[in-house]
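One file, query_15.csv, is given below (CSV, C-alpha atoms).
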```
chain,number,residue,atom,x,y,z
Y,637,GLU,CA,19.9,90.8,-4.3
Y,638,VAL,CA,18.0,90.5,-7.6
Y,639,GLU,CA,14.9,92.1,-8.8
Y,640,VAL,CA,12.0,89.9,-9.9
Y,641,ASN,CA,8.6,91.2,-11.1
Y,642,GLY,CA,9.2,94.5,-9.4
Y,643,GLY,CA,10.4,93.2,-6.1
Y,644,VAL,CA,13.8,92.5,-4.6
Y,645,VAL,CA,14.7,88.9,-3.7
Y,646,VAL,CA,17.6,88.3,-1.2
Y,647,TYR,CA,19.7,85.2,-1.8
Y,648,GLU,CA,23.0,83.6,-1.1
Y,649,PHE,CA,25.1,80.6,-2.1
Y,650,VAL,CA,26.7,78.0,0.2
Y,651,GLY,CA,29.3,75.6,-1.1
Y,652,PRO,CA,31.9,75.4,-4.0
Y,653,GLU,CA,31.3,77.5,-7.1
Y,654,ASP,CA,31.6,74.5,-9.4
Y,655,GLY,CA,29.2,72.3,-7.4
Y,656,GLU,CA,25.8,71.1,-8.7
Y,657,VAL,CA,23.2,73.7,-7.7
Y,658,VAL,CA,20.6,72.7,-5.2
Y,659,VAL,CA,17.9,75.1,-4.4
Y,660,LEU,CA,17.0,74.7,-0.7
Y,661,THR,CA,13.6,76.0,0.3
Y,662,PRO,CA,12.3,76.1,3.9
Y,663,GLY,CA,8.6,76.2,4.9
Y,664,GLY,CA,6.1,78.6,6.3
Y,665,ARG,CA,7.1,82.3,5.9
Y,666,PHE,CA,10.4,81.5,7.5
Y,667,SER,CA,13.6,83.1,6.3
Y,668,LYS,CA,16.6,81.3,4.8
Y,669,ASP,CA,18.3,82.3,8.0
Y,670,TYR,CA,15.9,80.4,10.3
Y,671,GLY,CA,17.5,77.8,12.4
Y,672,GLY,CA,18.2,74.5,10.7
Y,673,VAL,CA,18.3,75.8,7.1
Y,674,HIS,CA,21.9,76.8,7.0
Y,675,GLU,CA,22.9,73.7,8.9
Y,676,LEU,CA,21.4,71.5,6.1
Y,677,ALA,CA,22.9,73.7,3.5
Y,678,GLU,CA,26.3,73.4,5.0
Y,679,ALA,CA,25.9,69.6,5.1
Y,680,LEU,CA,25.0,69.5,1.5
Y,681,ALA,CA,27.9,71.8,0.6
Y,682,ALA,CA,30.3,69.5,2.4
Y,683,GLY,CA,29.1,66.9,-0.1
Y,684,GLY,CA,30.2,69.1,-3.0
Y,685,LYS,CA,26.9,70.9,-3.7
Y,686,ARG,CA,26.4,74.6,-4.4
Y,687,VAL,CA,23.3,75.4,-2.3
Y,688,LEU,CA,21.2,78.3,-3.3
Y,689,LEU,CA,19.3,79.8,-0.3
Y,690,TRP,CA,16.7,82.5,-0.9
Y,691,ASP,CA,14.2,84.5,1.0
Y,692,ARG,CA,11.1,83.9,-0.9
Y,693,PRO,CA,8.7,86.8,-1.4
Y,694,ASN,CA,6.9,87.4,1.9
Y,695,CYS,CA,9.8,85.8,3.8
Y,696,GLY,CA,12.9,87.3,5.6
Y,697,ARG,CA,14.5,90.3,4.0
Y,698,SER,CA,12.9,90.0,0.5
Y,699,ASP,CA,10.2,92.4,-0.7
Y,700,VAL,CA,6.6,91.4,-0.2
Y,701,GLN,CA,4.8,90.4,-3.3
Y,702,LEU,CA,1.1,89.8,-3.9
Y,703,TYR,CA,0.1,88.1,-7.1
Y,704,GLY,CA,-0.4,84.6,-8.6
Y,705,ARG,CA,-2.8,81.7,-8.3
Y,706,SER,CA,-1.5,80.9,-4.9
Y,707,GLU,CA,1.5,82.0,-2.8
Y,708,SER,CA,3.4,78.9,-3.8
Y,709,HIS,CA,2.7,79.6,-7.5
Y,710,MET,CA,4.0,83.2,-7.0
Y,711,ARG,CA,7.1,81.9,-5.3
Y,712,ALA,CA,7.7,79.3,-8.1
Y,713,GLU,CA,7.5,82.0,-10.7
Y,714,THR,CA,9.9,84.2,-8.7
Y,715,LEU,CA,12.4,81.4,-8.5
Y,716,GLY,CA,12.1,80.6,-12.3
Y,717,VAL,CA,12.8,84.3,-13.2
Y,718,MET,CA,15.6,84.6,-10.6
Y,719,LEU,CA,17.4,81.6,-12.0
Y,720,GLU,CA,17.2,83.1,-15.5
Y,721,LYS,CA,18.8,86.3,-14.1
Y,722,LEU,CA,21.5,84.4,-12.3
Y,723,GLY,CA,22.3,82.4,-15.4
Y,724,ILE,CA,21.6,79.1,-13.8
Y,725,GLU,CA,20.1,76.6,-16.2
Y,726,LYS,CA,19.5,73.5,-14.1
Y,727,VAL,CA,18.9,72.8,-10.4
Y,728,VAL,CA,18.0,70.1,-7.9
Y,729,ALA,CA,14.8,71.4,-6.3
Y,730,ALA,CA,14.7,70.6,-2.6
Y,731,GLY,CA,12.3,71.7,0.0
Y,732,GLY,CA,10.5,70.8,3.3
Y,733,SER,CA,7.1,71.6,4.6
Y,734,GLY,CA,5.7,74.6,2.7
Y,735,GLY,CA,9.0,74.6,0.8
Y,736,ALA,CA,8.2,71.1,-0.5
Y,737,ARG,CA,5.0,72.5,-2.0
Y,738,ASP,CA,6.8,75.4,-3.5
Y,739,MET,CA,9.4,73.1,-5.1
Y,740,ILE,CA,6.7,70.7,-6.4
Y,741,VAL,CA,4.9,73.7,-8.1
Y,742,PHE,CA,8.2,75.0,-9.4
Y,743,THR,CA,9.0,71.7,-11.0
Y,744,MET,CA,5.5,71.7,-12.6
Y,745,MET,CA,6.0,75.3,-13.9
Y,746,TYR,CA,9.6,75.0,-15.0
Y,747,PRO,CA,10.3,71.4,-15.8
Y,748,GLU,CA,13.2,72.3,-18.1
Y,749,LYS,CA,15.1,73.7,-15.1
Y,750,VAL,CA,14.8,70.8,-12.7
Y,751,THR,CA,17.0,67.7,-12.8
Y,752,LYS,CA,15.7,66.1,-9.6
Y,753,LEU,CA,13.0,66.8,-7.0
Y,754,LEU,CA,13.6,66.2,-3.3
Y,755,THR,CA,10.8,66.8,-0.8
Y,756,TRP,CA,10.0,66.1,2.9
Y,757,CYS,CA,7.4,67.1,5.5
Y,758,ILE,CA,4.7,67.6,2.8
Y,759,VAL,CA,1.6,69.4,4.0
Y,760,GLY,CA,-1.8,67.9,3.1
Y,761,GLY,CA,-5.0,66.6,4.4
Y,762,THR,CA,-7.9,68.5,6.0
Y,763,PHE,CA,-6.4,69.3,9.4
Y,764,SER,CA,-3.0,70.4,8.0
Y,765,THR,CA,-4.5,72.4,5.1
Y,766,MET,CA,-7.1,74.2,7.2
Y,767,SER,CA,-4.4,75.0,9.8
Y,768,LEU,CA,-2.4,76.8,7.2
Y,769,ALA,CA,-5.5,78.9,6.3
Y,770,GLY,CA,-5.8,79.8,9.9
Y,771,VAL,CA,-2.2,80.9,10.0
Y,772,TYR,CA,-1.5,82.6,6.7
Y,773,VAL,CA,-4.8,83.9,5.3
Y,774,LEU,CA,-7.8,84.1,7.7
Y,775,PRO,CA,-6.1,86.6,10.1
Y,776,GLU,CA,-5.2,88.8,7.1
Y,777,LEU,CA,-8.7,88.7,5.8
Y,778,ARG,CA,-10.2,89.6,9.2
Y,779,ALA,CA,-7.7,92.4,9.7
Y,780,VAL,CA,-8.0,94.0,6.3
Y,781,ARG,CA,-11.8,93.9,6.4
Y,782,ALA,CA,-11.9,95.4,9.9
Y,783,GLY,CA,-9.2,98.0,9.8
Y,784,GLY,CA,-7.7,98.2,6.3
Y,785,ILE,CA,-4.1,97.6,5.3
Y,786,GLU,CA,-2.9,99.4,8.5
Y,787,ALA,CA,-4.5,96.6,10.6
Y,788,VAL,CA,-2.6,94.0,8.6
Y,789,LEU,CA,0.6,95.6,9.7
Y,790,SER,CA,-0.4,95.0,13.3
Y,791,ILE,CA,-1.4,91.3,13.1
Y,792,PRO,CA,0.3,89.5,16.0
Y,793,GLY,CA,1.6,86.0,15.6
Y,794,ALA,CA,4.4,83.7,14.8
Y,795,ALA,CA,7.6,84.6,12.9
Y,796,GLY,CA,6.8,85.8,9.4
Y,797,SER,CA,4.0,88.2,10.3
Y,798,TRP,CA,3.7,91.3,8.0
Y,799,ALA,CA,5.0,93.4,10.9
Y,800,ASP,CA,8.1,91.2,11.1
Y,801,LEU,CA,8.6,91.5,7.3
Y,802,CYS,CA,8.4,95.3,7.6
Y,803,GLU,CA,10.9,95.3,10.4
Y,804,ALA,CA,13.3,93.1,8.4
Y,805,ASN,CA,12.9,95.2,5.3
Y,806,PRO,CA,11.7,98.8,5.7
Y,807,ARG,CA,10.6,98.9,2.1
Y,808,ASN,CA,7.8,96.5,2.8
Y,809,LYS,CA,5.6,98.9,4.8
Y,810,GLU,CA,5.5,101.3,1.9
Y,811,ARG,CA,4.9,98.4,-0.6
Y,812,LEU,CA,1.9,97.1,1.4
Y,813,LEU,CA,0.5,100.6,1.7
Y,814,GLU,CA,0.8,101.0,-2.0
Y,815,VAL,CA,-1.0,97.7,-2.6
Y,816,GLY,CA,-3.9,99.0,-0.5
Y,817,ALA,CA,-6.7,97.2,1.3
Y,818,GLU,CA,-8.8,96.4,-1.8
Y,819,GLU,CA,-6.1,94.6,-3.7
Y,820,PHE,CA,-4.7,92.9,-0.6
Y,821,GLU,CA,-8.1,91.5,0.2
Y,822,ARG,CA,-8.6,90.3,-3.4
Y,823,VAL,CA,-5.3,88.4,-3.3
Y,824,MET,CA,-5.9,86.9,0.1
Y,825,GLU,CA,-9.3,85.6,-1.1
Y,826,ARG,CA,-7.6,84.0,-4.1
Y,827,TRP,CA,-4.9,82.5,-2.0
Y,828,PHE,CA,-7.5,81.3,0.5
Y,829,ASP,CA,-8.9,79.0,-2.1
Y,830,ALA,CA,-5.7,76.9,-2.1
Y,831,TYR,CA,-6.4,76.0,1.5
Y,832,ILE,CA,-10.0,74.8,1.0
Y,833,PRO,CA,-9.6,71.0,1.1
Y,834,LYS,CA,-10.7,69.4,-2.1
Y,835,ALA,CA,-11.1,65.8,-3.1
Y,836,ASN,CA,-8.8,66.0,-6.1
Y,837,GLU,CA,-5.9,67.8,-4.3
Y,838,ALA,CA,-3.4,65.8,-2.4
Y,839,ILE,CA,-1.6,69.1,-1.5
Y,840,PRO,CA,-3.1,72.6,-1.1
Y,841,GLY,CA,-3.8,74.4,-4.3
Y,842,VAL,CA,-2.5,71.8,-6.7
Y,843,ALA,CA,-4.8,69.5,-8.6
Y,844,ASP,CA,-3.9,65.8,-8.7
Y,845,TRP,CA,-3.7,65.8,-12.5
Y,846,GLU,CA,-1.0,68.4,-12.5
Y,847,PHE,CA,1.5,65.9,-11.0
Y,848,ALA,CA,1.8,64.3,-14.4
Y,849,GLN,CA,3.9,67.3,-15.3
Y,850,VAL,CA,6.6,66.1,-12.8
Y,851,GLN,CA,8.9,64.0,-15.0
Y,852,VAL,CA,12.2,64.0,-13.1
Y,853,PRO,CA,13.6,61.6,-10.5
Y,854,THR,CA,11.8,62.3,-7.2
Y,855,LEU,CA,12.6,61.4,-3.6
Y,856,ILE,CA,9.9,61.8,-1.0
Y,857,VAL,CA,10.5,61.4,2.7
Y,858,ARG,CA,7.5,59.8,4.4
Y,859,GLY,CA,5.7,61.9,6.9
Y,860,GLY,CA,5.9,61.0,10.6
Y,861,ALA,CA,3.3,58.5,11.9
Y,862,LYS,CA,1.6,61.2,14.1
Y,863,ASP,CA,2.8,64.3,12.4
Y,864,TYR,CA,-0.6,65.9,11.7
Y,865,ASP,CA,1.0,68.9,10.0
Y,866,HIS,CA,2.8,66.7,7.5
Y,867,PRO,CA,0.8,63.4,7.3
Y,868,ALA,CA,2.3,60.1,6.3
Y,869,ARG,CA,-0.8,59.7,4.1
Y,870,THR,CA,0.0,62.8,2.1
Y,871,SER,CA,3.5,61.6,1.3
Y,872,ARG,CA,2.1,58.4,0.0
Y,873,GLU,CA,-0.5,60.2,-2.1
Y,874,VAL,CA,2.2,62.3,-3.7
Y,875,LEU,CA,4.2,59.1,-4.3
Y,876,SER,CA,1.3,57.6,-6.2
Y,877,LEU,CA,0.9,60.7,-8.3
Y,878,ILE,CA,4.5,61.1,-9.6
Y,879,GLU,CA,5.6,58.3,-11.9
Y,880,GLY,CA,8.8,56.6,-10.8
Y,881,ALA,CA,9.0,58.5,-7.5
Y,882,ARG,CA,10.6,56.8,-4.5
Y,883,LEU,CA,9.4,57.0,-0.8
Y,884,ILE,CA,11.9,56.6,2.0
Y,885,GLU,CA,11.6,56.2,5.7
Y,886,PRO,CA,12.3,59.4,7.7
Y,887,PRO,CA,16.1,59.8,8.3
Y,888,TRP,CA,15.2,61.4,11.6
Y,889,PRO,CA,13.2,60.3,14.6
Y,890,GLU,CA,9.6,59.4,13.9
Y,891,ASP,CA,8.4,62.2,16.1
Y,892,ALA,CA,11.0,64.7,15.1
Y,893,TRP,CA,8.5,67.4,14.1
Y,894,GLU,CA,6.6,67.0,17.4
Y,895,GLN,CA,9.8,67.2,19.4
Y,896,ALA,CA,10.9,70.3,17.4
Y,897,ALA,CA,7.5,72.0,18.0
Y,898,VAL,CA,7.7,71.5,21.7
Y,899,ALA,CA,11.3,72.7,21.9
Y,900,THR,CA,10.6,75.7,19.8
Y,901,GLY,CA,7.6,76.6,22.0
Y,902,GLN,CA,10.0,76.5,25.0
Y,903,GLY,CA,12.5,78.7,23.3
Y,904,ARG,CA,14.9,75.9,22.4
Y,905,GLY,CA,16.1,75.5,18.9
Y,906,SER,CA,13.9,75.7,15.8
Y,907,LEU,CA,11.4,73.7,13.8
Y,908,PHE,CA,13.9,72.7,11.1
Y,909,ASP,CA,16.9,71.7,13.3
Y,910,PHE,CA,16.4,68.0,12.5
Y,911,TRP,CA,16.5,68.5,8.7
Y,912,GLN,CA,20.3,68.2,8.6
Y,913,LEU,CA,20.0,64.6,9.6
Y,914,GLY,CA,18.7,63.9,6.1
Y,915,ALA,CA,21.8,65.2,4.4
Y,916,PRO,CA,23.4,61.7,3.8
Y,917,GLU,CA,20.2,60.3,2.2
Y,918,PHE,CA,19.7,63.6,0.2
Y,919,LEU,CA,23.3,63.5,-1.1
Y,920,ALA,CA,23.0,59.9,-2.1
Y,921,PHE,CA,19.9,60.6,-4.1
Y,922,ILE,CA,21.4,63.7,-5.8
Y,923,ASP,CA,24.5,61.7,-6.8
Y,924,GLU,CA,22.7,58.7,-8.2
```
Output the structure of this file as structure tokens.
Amino acid sequence: EVEVNGGVVVYEFVGPEDGEVVVLTPGGRFSKDYGGVHELAEALAAGGKRVLLWDRPNCGRSDVQLYGRSESHMRAETLGVMLEKLGIEKVVAAGGSGGARDMIVFTMMYPEKVTKLLTWCIVGGTFSTMSLAGVYVLPELRAVRAGGIEAVLSIPGAAGSWADLCEANPRNKERLLEVGAEEFERVMERWFDAYIPKANEAIPGVADWEFAQVQVPTLIVRGGAKDYDHPARTSREVLSLIEGARLIEPPWPEDAWEQAAVATGQGRGSLFDFWQLGAPEFLAFIDE
């Protein structure tokens, strides 16, 4: 554990101590222990990398945090401070789905800390962006306005709800109560703005002009042909915005995300199980 901006962040390393550090960031509000994350970490570690896994604020067993321009910007700042405290100067920033956005923002905010950027399953486009608002912000706004912070603690839903976070880390209930309804609503309104589709934002909450700040070798995995949550179009838009970036075909089945979503809904596996199939391509890129 390490304290960052008044909140505890839970992390772990996988792989040899002398390996090049790769920060691996999953999506959604999923924990580092969600299925598929450790499997990819182990595969990268087998290639000699030292993989840093972390429960981002509002994920897993870390403390909840509510600040910043968007939730991704808050997480990027958290990672930057955490690396300073751990004495890590340089990392390969790798992430999928929401973790891809977190790592893109991190690279923009801390360019001196990133040697390479590796992203896949990038969220973007009207359907995908508005879907995120419906999962991560709108239920919170409705709840806090109707019943205060206590109602937020009772929101049902997928893994990563505030109730789940309080169960995983008992400190979180008290932290949320201390934040209070007024400040919680204020932060949610600000974070909501990131999910309002805008003509000049290929990914939620990040203006296109900001991509000029990414000056490191970048590998982008093309989104699946019918993956409406991570559109192929968005991966190509991000490619066009990062000078020298490279786009590769998916190292997993074209419909891997759709298959994973069905299986997860039936109680089989997890959304990120297929990510480990990308390890050979990822290692080749990191070692170039």
When you count all atoms listed in the file, which of these residues is closest to Gly716 of chain Y: Y:Val640, Y:Pro652, Y:Arg858, Y:Glu776? Y:Val640
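Atom CA of Val842 of chain Y is found 27.0 Å from atom CA of Glu917 of chain Y.
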Let me make sure I understand: among Y:Ser767, Y:Met710, Y:Met739, Y:Val788, which one has the smallest atom-to-atom distance to Asp800 of chain Y if we use all atoms listed in the file? Y:Val788
Extract, using all atoms listed in the file, all DNA, RNA and protein residues at most 12 Å from segment 815-822 of chain Y, discarding same-chain residues fewer than 5 positions from it, and format them as a short mmCIF file (atom, residue, chain, number, x, y, z; two decimals) with C-alpha atoms, in the frame of the given file.
```cif
data_model
loop_
_atom_site.label_atom_id
_atom_site.label_comp_id
_atom_site.auth_asym_id
_atom_site.auth_seq_id
_atom_site.Cartn_x
_atom_site.Cartn_y
_atom_site.Cartn_z
CA VAL Y 700 6.60 91.40 -0.20
CA GLN Y 701 4.80 90.40 -3.30
CA LEU Y 702 1.10 89.80 -3.90
CA TYR Y 703 0.10 88.10 -7.10
CA GLY Y 704 -0.40 84.60 -8.60
CA ARG Y 705 -2.80 81.70 -8.30
CA SER Y 706 -1.50 80.90 -4.90
CA VAL Y 773 -4.80 83.90 5.30
CA LEU Y 774 -7.80 84.10 7.70
CA PRO Y 775 -6.10 86.60 10.10
CA GLU Y 776 -5.20 88.80 7.10
CA LEU Y 777 -8.70 88.70 5.80
CA ARG Y 778 -10.20 89.60 9.20
CA ALA Y 779 -7.70 92.40 9.70
CA VAL Y 780 -8.00 94.00 6.30
CA ARG Y 781 -11.80 93.90 6.40
CA ALA Y 782 -11.90 95.40 9.90
CA GLY Y 783 -9.20 98.00 9.80
CA GLY Y 784 -7.70 98.20 6.30
CA ILE Y 785 -4.10 97.60 5.30
CA GLU Y 786 -2.90 99.40 8.50
CA ALA Y 787 -4.50 96.60 10.60
CA VAL Y 788 -2.60 94.00 8.60
CA LEU Y 789 0.60 95.60 9.70
CA ASN Y 808 7.80 96.50 2.80
CA LYS Y 809 5.60 98.90 4.80
CA GLU Y 810 5.50 101.30 1.90
CA TRP Y 827 -4.90 82.50 -2.00
CA PHE Y 828 -7.50 81.30 0.50
CA ASP Y 829 -8.90 79.00 -2.10
#
```
Exercise: segment 882-895 of chain Y partners within 8 Å, all atoms listed in the file, chain neighbours under 4 positions left out, as an MDAnalysis selection string: chainID Y and resid 854:863 871:872 875 899 907 910:911 913:914 917
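Note that the spacing between atom CA of Met824 of chain Y and atom CA of Glu707 of chain Y amounts to 9.3 Å.
Between atom CA of Asp738 of chain Y and atom CA of Ala712 of chain Y the separation is 6.1 Å.
With only C-alpha atoms as the atoms that count, the minimum distance from Val673 of chain Y to the choices Y:Val874, Y:Val687, Y:Ala843, Y:Val850 is reached by Y:Val687.
For the set Y:Trp798, Y:Trp756, Y:Tyr746, Y:Trp690, the residue with the smallest atom-to-atom gap to Glu713 of chain Y is Y:Tyr746, counting all atoms listed in the file.
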For the point (13.2, 62.0, -10.2) in the file's frame, write as an NGL selection string all residues with an atom no more than 12 Å away, counting all atoms listed in the file. :Y and (728-730 or 740 or 743 or 747 or 750-755 or 849-856 or 875 or 878-883 or 921-924)
Write out as a PyMOL selection string each polymer residue whose atoms come within 10 Å of Leu801 of chain Y, counting only C-alpha atoms; drop sequence neighbours fewer than 6 positions from it. chain Y and resi 665+667+693-700+789+795+807-809
Using the selection just defined, write its residues with C-alpha atoms as a compact mmCIF listing (two decimals), keeping the file's coordinate frame.
```
# COMPACT_ATOMS: atom_id res chain seq x y z
CA ARG Y 665 7.10 82.30 5.90
CA SER Y 667 13.60 83.10 6.30
CA PRO Y 693 8.70 86.80 -1.40
CA ASN Y 694 6.90 87.40 1.90
CA CYS Y 695 9.80 85.80 3.80
CA GLY Y 696 12.90 87.30 5.60
CA ARG Y 697 14.50 90.30 4.00
CA SER Y 698 12.90 90.00 0.50
CA ASP Y 699 10.20 92.40 -0.70
CA VAL Y 700 6.60 91.40 -0.20
CA LEU Y 789 0.60 95.60 9.70
CA ALA Y 795 7.60 84.60 12.90
CA ARG Y 807 10.60 98.90 2.10
CA ASN Y 808 7.80 96.50 2.80
CA LYS Y 809 5.60 98.90 4.80
```
Contact residues around Phe908 of chain Y with only C-alpha atoms at 10 Å, ignoring same-chain residues under 2 positions, as a ChimeraX atom specification: /Y:662-663,670-676,732-733,892-893,896-897,900,905-906,910-912
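Distance check against Gly664 of chain Y using only C-alpha atoms: of Y:Arg826, Y:Lys721, Y:His709, Y:Arg737, the minimum falls on Y:Arg737.
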Contacts between segment 768-771 of chain Y and segment 822-885 of chain Y, please, where a residue of segment 822-885 of chain Y counts if it comes within 9 Å (with all atoms listed in the file); show its shortest atom pair and distance in Å to one decimal, rows by chain and ascending number, as JSON lines.
```
{"residue": "Y:Phe828", "atom": "CA", "partner": "Y:Ala769", "partner_atom": "CA", "distance": 6.6}
{"residue": "Y:Ala830", "atom": "CA", "partner": "Y:Ala769", "partner_atom": "CA", "distance": 8.6}
{"residue": "Y:Tyr831", "atom": "CA", "partner": "Y:Ala769", "partner_atom": "CA", "distance": 5.7}
{"residue": "Y:Ile832", "atom": "CA", "partner": "Y:Ala769", "partner_atom": "CA", "distance": 8.1}
```
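With all atoms listed in the file as the atoms that count, the residue of Y:Val644, Y:Ala799, Y:Val659, Y:Ala835 with the shortest distance to Ile724 of chain Y is Y:Val659.
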For Gly723 of chain Y, work out the shell of residues within 12 Å, counting only C-alpha atoms and skipping chain neighbours fewer than 6 positions away, then give it as JSON, numbers by chain. {"Y": [657, 716, 717, 749]}
